[in-house]
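Participant: Structure provided below as structure tokens; questions to follow.
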2 protein chains.
Amino acid sequence: MEYACLALIELAGCYQDAEPLQIRQIAAQQHIPDRYLEQLLATLRRGGLVRSQRGAKGGYVLAQDPWQVSLLDVFHCLEGGEVGSSQDDRTGQQTAERSVMREIWQEAETAMCTVLERQTLQDLVDRCNACRQADLMYYI
Amino acid sequence: MEYACLALIELAGCYQDAEPLQIRQIAAQQHIPDRYLEQLLATLRRGGLVRSQRGAKGGYVLAQDPWQVSLLDVFHCLEGGEVGSSQDDRTGQQTAERSVMREIWQEAETAMCTVLERQTLQDLVDRCNACRQADLMYYI
DNA sequence: ACAAACCCCACCGGAAAACCGGAGTATACC
DNA sequence: GGTATACTCCGGTTTTCCGGTGGGGTTTGT
């Protein structure tokens with residue numbers, strides 16, 4: 001979840017370099033176990049968020065421009081495709097209370113999604129830079 | 001999480017009866033395993049949301065009026081008290097990316113909470129009744 | 001050919017949620 | 001008081017998810 005976003009931020013930061021970033025580099029930069037990150041990037045690739053270049057000098061590149069990818073896209077990609085469709089339907093227990101609860105949960109989730117929707121990878125990169133700037137100010 | 005809310009809705013619906021509701025009844029009504037519901041209600045009791053009456057003819061009653069309890073209260077009660085304090089802090093890896101990600105997550109959570117905050121138990125009961133009415137309409 | 005990189009599948013371990021079971025203990029009612 | 005009711009506390013089991021690891025295989029540039 002979080003690791004995938006960190007990797008994407010890293011990729012977005014080097015987007016204009018046109019050089020693929022390797023798993024090892026991202027993992028070292030963000031202090032993430034590389035073997036695990038590999039799986040996450042595979043998921044992101046299957047979701048069409050990144051493209052991979054195999055072989056020597058290979059690596060990963062963002063499939064789209066950083067300002068076209070929202071955090072919501074990342075979430076939908078990671079959450080297995082179907083999120084709120086975890087219906088049991090066992091014996092068809094559809095009490096009024098249950099459906100109302102689902103409604104509320106849906107509303108809450110939607111509220112969360114709208115927040116994530118208006119945060120693109122570019123925004124995150126910018127915020128990171130601003131954050132680092134502030135850190136430097138602290139030193140002076 | 002969800003089960004606790006269902007139970008509270010049930011309790012809110014019988015609030016004016018001044019008769020305590022038993023676990024068995026709630027469990028049967030909402031198709032929840034009763035032994036599990038027992039634990040949830042114990043948590044809600046410790047959180048001050050419900051009161052329990054022991055012995056024969058005992059059961060549970062809402063501790064406050066249904067319109068004074070929001071879903072957010074329920075959540076805070078169930079989420080163990082401390083929610084956002086799950087920081088690892090292992091080796092102090094506080095990269096700019098990580099703190100930015102935490103910020104976003106916080107924002108998303110806040111958005112969800114504000115939705116939950118303006119839904120009281122009374123609202124849910126009303127919505128349930130409206131839902132059932134609509135179901136009856138369907139029959140005609 | 002060879003090494004650097006991605007690719008795939010399967011497993012492990014811990015944490016949390018969901019779910020029982022049993023031994024108490026308080027209360028109502030006779 | 002005695003008994004039945006029904007909550008209370010404590011522990012154990014199963015399931016699920018996430019982070020993490022291992023051991024292969026396949027593609028690609030030099």
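Each chain of the structure tokens is named A, B, ... in the order shown, its residues numbered from 1; ligands are numbered from 1 in display order.
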List every residue of chain B that DSSP, applied to the backbone of this structure, places in strand (DSSP E or B), and write the result as a list of chain:residue names.

Facilitator: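 The strand (DSSP E or B) residues within chain B come out as B:Leu21, B:Val50, B:Arg51, B:Ser52, B:Gln53, B:Gly59, B:Tyr60, B:Val61, B:Leu62, B:Ser70, B:Thr120.
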
Participant: Grab the residues selected above and save them as an mmCIF file, in the first residue's frame with N, CA and C atoms.

Facilitator:
data_model
loop_
_atom_site.group_PDB
_atom_site.id
_atom_site.type_symbol
_atom_site.label_atom_id
_atom_site.label_comp_id
_atom_site.auth_asym_id
_atom_site.auth_seq_id
_atom_site.Cartn_x
_atom_site.Cartn_y
_atom_site.Cartn_z
ATOM 1 N N LEU B 21 -32.477 -5.346 26.095
ATOM 2 C CA LEU B 21 -32.457 -6.326 25.012
ATOM 3 C C LEU B 21 -31.358 -7.355 25.293
ATOM 4 N N VAL B 50 -23.014 1.571 25.986
ATOM 5 C CA VAL B 50 -24.194 0.828 26.421
ATOM 6 C C VAL B 50 -24.052 0.499 27.911
ATOM 7 N N ARG B 51 -25.170 0.172 28.512
ATOM 8 C CA ARG B 51 -25.161 -0.292 29.898
ATOM 9 C C ARG B 51 -25.740 -1.697 29.928
ATOM 10 N N SER B 52 -25.248 -2.501 30.851
ATOM 11 C CA SER B 52 -25.717 -3.886 30.920
ATOM 12 C C SER B 52 -26.450 -4.140 32.234
ATOM 13 N N GLN B 53 -27.446 -5.004 32.134
ATOM 14 C CA GLN B 53 -28.207 -5.418 33.308
ATOM 15 C C GLN B 53 -28.025 -6.922 33.454
ATOM 16 N N GLY B 59 -29.888 -7.796 30.190
ATOM 17 C CA GLY B 59 -29.644 -7.457 28.795
ATOM 18 C C GLY B 59 -28.886 -6.160 28.674
ATOM 19 N N TYR B 60 -29.013 -5.535 27.520
ATOM 20 C CA TYR B 60 -28.283 -4.303 27.253
ATOM 21 C C TYR B 60 -29.232 -3.169 26.897
ATOM 22 N N VAL B 61 -28.858 -1.969 27.344
ATOM 23 C CA VAL B 61 -29.569 -0.762 26.938
ATOM 24 C C VAL B 61 -28.561 0.293 26.528
ATOM 25 N N LEU B 62 -29.006 1.155 25.626
ATOM 26 C CA LEU B 62 -28.179 2.279 25.228
ATOM 27 C C LEU B 62 -27.908 3.176 26.429
ATOM 28 N N SER B 70 -22.909 9.242 17.713
ATOM 29 C CA SER B 70 -22.553 9.222 16.295
ATOM 30 C C SER B 70 -21.770 7.957 15.972
ATOM 31 N N THR B 120 -26.003 9.830 13.334
ATOM 32 C CA THR B 120 -26.298 9.325 14.676
ATOM 33 C C THR B 120 -27.085 8.022 14.570
#

Participant: Out of chain A, which residues get helix (DSSP H, G or I) from DSSP, as a PyMOL selection string?

Facilitator: chain A and resi 2-13+15-17+23-30+34-46+66-68+71-78+90-92+96-117+121-139

Participant: Would you give me, as number ranges by chain, the residues of chain B that come within 10 Å of chain D, using only C-alpha atoms (C1' of nucleotides)?

Facilitator: B: 22-24, 38-39, 42, 52-60

Participant: Grab the residues selected above and save them as a PDB file, in the first residue's frame with N, CA and C atoms.

Facilitator:
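Produced file out.pdb, reproduced below:
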ATOM      1  N   GLN B  22     -31.677  -8.641  25.036  1.00  0.00           N
ATOM      2  CA  GLN B  22     -30.691  -9.675  25.305  1.00  0.00           C
ATOM      3  C   GLN B  22     -29.846  -9.977  24.072  1.00  0.00           C
ATOM      4  N   ILE B  23     -28.637 -10.434  24.352  1.00  0.00           N
ATOM      5  CA  ILE B  23     -27.707 -10.755  23.267  1.00  0.00           C
ATOM      6  C   ILE B  23     -28.348 -11.718  22.287  1.00  0.00           C
ATOM      7  N   ARG B  24     -28.977 -12.750  22.806  1.00  0.00           N
ATOM      8  CA  ARG B  24     -29.578 -13.769  21.959  1.00  0.00           C
ATOM      9  C   ARG B  24     -30.539 -13.162  20.945  1.00  0.00           C
ATOM     10  N   GLU B  38     -21.253 -10.897  22.040  1.00  0.00           N
ATOM     11  CA  GLU B  38     -21.041 -10.670  23.472  1.00  0.00           C
ATOM     12  C   GLU B  38     -19.780  -9.846  23.716  1.00  0.00           C
ATOM     13  N   GLN B  39     -18.690 -10.218  23.049  1.00  0.00           N
ATOM     14  CA  GLN B  39     -17.442  -9.493  23.223  1.00  0.00           C
ATOM     15  C   GLN B  39     -17.562  -8.056  22.764  1.00  0.00           C
ATOM     16  N   ALA B  42     -19.354  -6.049  25.184  1.00  0.00           N
ATOM     17  CA  ALA B  42     -18.499  -5.795  26.351  1.00  0.00           C
ATOM     18  C   ALA B  42     -17.596  -4.597  26.080  1.00  0.00           C
ATOM     19  N   SER B  52     -25.248  -2.501  30.851  1.00  0.00           N
ATOM     20  CA  SER B  52     -25.717  -3.886  30.920  1.00  0.00           C
ATOM     21  C   SER B  52     -26.450  -4.140  32.234  1.00  0.00           C
ATOM     22  N   GLN B  53     -27.446  -5.004  32.134  1.00  0.00           N
ATOM     23  CA  GLN B  53     -28.207  -5.418  33.308  1.00  0.00           C
ATOM     24  C   GLN B  53     -28.025  -6.922  33.454  1.00  0.00           C
ATOM     25  N   ARG B  54     -27.410  -7.339  34.535  1.00  0.00           N
ATOM     26  CA  ARG B  54     -27.112  -8.756  34.704  1.00  0.00           C
ATOM     27  C   ARG B  54     -28.312  -9.502  35.277  1.00  0.00           C
ATOM     28  N   GLY B  55     -28.144 -10.816  35.307  1.00  0.00           N
ATOM     29  CA  GLY B  55     -29.172 -11.652  35.911  1.00  0.00           C
ATOM     30  C   GLY B  55     -30.353 -11.922  35.007  1.00  0.00           C
ATOM     31  N   ALA B  56     -31.354 -12.600  35.570  1.00  0.00           N
ATOM     32  CA  ALA B  56     -32.564 -12.902  34.809  1.00  0.00           C
ATOM     33  C   ALA B  56     -33.213 -11.612  34.329  1.00  0.00           C
ATOM     34  N   LYS B  57     -33.773 -11.644  33.151  1.00  0.00           N
ATOM     35  CA  LYS B  57     -34.403 -10.478  32.525  1.00  0.00           C
ATOM     36  C   LYS B  57     -33.413  -9.341  32.325  1.00  0.00           C
ATOM     37  N   GLY B  58     -32.154  -9.698  32.245  1.00  0.00           N
ATOM     38  CA  GLY B  58     -31.123  -8.682  32.013  1.00  0.00           C
ATOM     39  C   GLY B  58     -30.991  -8.392  30.539  1.00  0.00           C
ATOM     40  N   GLY B  59     -29.888  -7.796  30.190  1.00  0.00           N
ATOM     41  CA  GLY B  59     -29.644  -7.457  28.795  1.00  0.00           C
ATOM     42  C   GLY B  59     -28.886  -6.160  28.674  1.00  0.00           C
ATOM     43  N   TYR B  60     -29.013  -5.535  27.520  1.00  0.00           N
ATOM     44  CA  TYR B  60     -28.283  -4.303  27.253  1.00  0.00           C
ATOM     45  C   TYR B  60     -29.232  -3.169  26.897  1.00  0.00           C
TER      46      TYR B  60
END

Participant: Hey, which of A:Thr43, A:Leu78, A:Glu97, A:Thr114 ends up closest to chain C? Count only C-alpha atoms (C1' of nucleotides).

Facilitator: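 Of A:Thr43, A:Leu78, A:Glu97, A:Thr114, the one nearest chain C is A:Thr43, counting only C-alpha atoms (C1' of nucleotides).
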
Participant: To one decimal place, how far is atom CA of Arg45 of chain A from atom CA of Val69 of chain A in Å?

Facilitator: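 Answer for the atom CA of Arg45 of chain A to atom CA of Val69 of chain A separation: 13.6 Å.
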